[in-house]
Amino acid sequence: MDPEVMDYPPDGTLEDLSTTCGGDEDGLRAKLVKLERAHDNEDNTATRATYEPVPIGDPYVSKELFFFDITDASPQEIHDIAVEQLAQGHALAFPGSDNADVYLNNSEAQVAVYREGQIKTD
């Protein structure tokens, strides 16, 4: 199945992004696998989310996403967030990446995203 791609306005808050991505995961029956800054042909900015649909016939299990704005966080603060999230049994949401470049409140930002429970890789 082809990935689903959604663009979100750059003026959203961290809470807006979290709520929207969680709702779109459930609505699309798909896992959020990537967030990035995007520009269209008219140079409008957006936060682009890529979702990987769960194959038809496979069960879809809704899992909460946890977003953290780490734009101005120190390496120690980022480490502390990671340790806390992993201790709660949460895993990084994006394969091979521990953060994403997005837009929040019309400014460039960086977020870390964790998913409830451990991600199964098989």
# chains A, B, ... in the order shown; residues from 1 in each chain; ligands from 1
>>> residues_around(residues="Lys63 in chain A", least_positions_apart="6", cutoff="12 Å", atoms="only C-alpha atoms", output="list in words")
Cys21, Gly22, Gly23, Asp24, Glu25, Asp26, Arg29, Ala30, Lys31, Leu32, His90, Ala91, Ala93, Tyr114, Arg115, Glu116, Gly117, Gln118 and Ile119 of chain A
>>> write_last_selection(atoms="N, CA and C atoms", output="mmCIF file, in the first residue's frame")
data_model
loop_
_atom_site.group_PDB
_atom_site.id
_atom_site.type_symbol
_atom_site.label_atom_id
_atom_site.label_comp_id
_atom_site.auth_asym_id
_atom_site.auth_seq_id
_atom_site.Cartn_x
_atom_site.Cartn_y
_atom_site.Cartn_z
ATOM 1 N N CYS A 21 -2.202 14.379 14.340
ATOM 2 C CA CYS A 21 -1.505 13.164 13.914
ATOM 3 C C CYS A 21 -2.141 11.920 14.524
ATOM 4 N N GLY A 22 -2.501 11.989 15.789
ATOM 5 C CA GLY A 22 -3.166 10.847 16.434
ATOM 6 C C GLY A 22 -4.504 10.536 15.785
ATOM 7 N N GLY A 23 -5.270 11.571 15.493
ATOM 8 C CA GLY A 23 -6.561 11.377 14.836
ATOM 9 C C GLY A 23 -6.410 10.846 13.423
ATOM 10 N N ASP A 24 -5.414 11.356 12.696
ATOM 11 C CA ASP A 24 -5.203 10.877 11.331
ATOM 12 C C ASP A 24 -4.698 9.435 11.316
ATOM 13 N N GLU A 25 -3.885 9.059 12.295
ATOM 14 C CA GLU A 25 -3.473 7.649 12.378
ATOM 15 C C GLU A 25 -4.708 6.760 12.455
ATOM 16 N N ASP A 26 -5.612 7.099 13.365
ATOM 17 C CA ASP A 26 -6.808 6.283 13.550
ATOM 18 C C ASP A 26 -7.718 6.343 12.321
ATOM 19 N N ARG A 29 -6.076 4.415 9.515
ATOM 20 C CA ARG A 29 -5.582 3.069 9.882
ATOM 21 C C ARG A 29 -4.118 2.948 9.450
ATOM 22 N N ALA A 30 -3.312 3.903 9.898
ATOM 23 C CA ALA A 30 -1.930 3.983 9.448
ATOM 24 C C ALA A 30 -1.036 4.521 10.560
ATOM 25 N N LYS A 31 0.237 4.137 10.514
ATOM 26 C CA LYS A 31 1.217 4.619 11.487
ATOM 27 C C LYS A 31 1.943 5.839 10.948
ATOM 28 N N LEU A 32 2.080 6.840 11.789
ATOM 29 C CA LEU A 32 2.899 7.995 11.452
ATOM 30 C C LEU A 32 4.350 7.528 11.382
ATOM 31 N N HIS A 90 7.552 3.349 26.060
ATOM 32 C CA HIS A 90 7.272 3.995 24.788
ATOM 33 C C HIS A 90 8.504 3.881 23.898
ATOM 34 N N ALA A 91 8.279 3.910 22.602
ATOM 35 C CA ALA A 91 9.368 3.793 21.634
ATOM 36 C C ALA A 91 9.335 4.985 20.687
ATOM 37 N N ALA A 93 8.831 6.995 17.462
ATOM 38 C CA ALA A 93 7.818 6.770 16.427
ATOM 39 C C ALA A 93 8.412 6.611 15.031
ATOM 40 N N TYR A 114 7.190 9.974 20.402
ATOM 41 C CA TYR A 114 7.218 8.604 20.950
ATOM 42 C C TYR A 114 5.848 7.987 20.804
ATOM 43 N N ARG A 115 5.814 6.680 20.682
ATOM 44 C CA ARG A 115 4.577 5.934 20.534
ATOM 45 C C ARG A 115 4.370 5.042 21.743
ATOM 46 N N GLU A 116 3.127 4.980 22.203
ATOM 47 C CA GLU A 116 2.747 4.134 23.324
ATOM 48 C C GLU A 116 3.134 2.678 23.035
ATOM 49 N N GLY A 117 3.729 2.035 24.022
ATOM 50 C CA GLY A 117 4.105 0.633 23.862
ATOM 51 C C GLY A 117 5.255 0.463 22.899
ATOM 52 N N GLN A 118 5.771 -0.727 22.836
ATOM 53 C CA GLN A 118 6.901 -1.007 21.941
ATOM 54 C C GLN A 118 6.415 -1.239 20.523
ATOM 55 N N ILE A 119 7.194 -0.777 19.574
ATOM 56 C CA ILE A 119 6.865 -0.977 18.166
ATOM 57 C C ILE A 119 7.338 -2.363 17.756
#
>>> select_by_dssp(residues="range 38-98 of chain A", states="strand (DSSP E)", output="ChimeraX atom specification")
/A:38-39,45-53,65-69,91-92
>>> closest_residue(among="A:Val111, A:Leu28, A:Ala100, A:Val33", to="Tyr60 in chain A", atoms="only C-alpha atoms")
A:Leu28
>>> closest_residue(among="A:Asp16, A:Thr71, A:Tyr103, A:Ala112", to="Asn44 in chain A", atoms="only C-alpha atoms")
A:Tyr103
>>> atom_distance(atom1="CA of Ala46 in chain A", atom2="CA of Thr19 in chain A")
16.3 Å
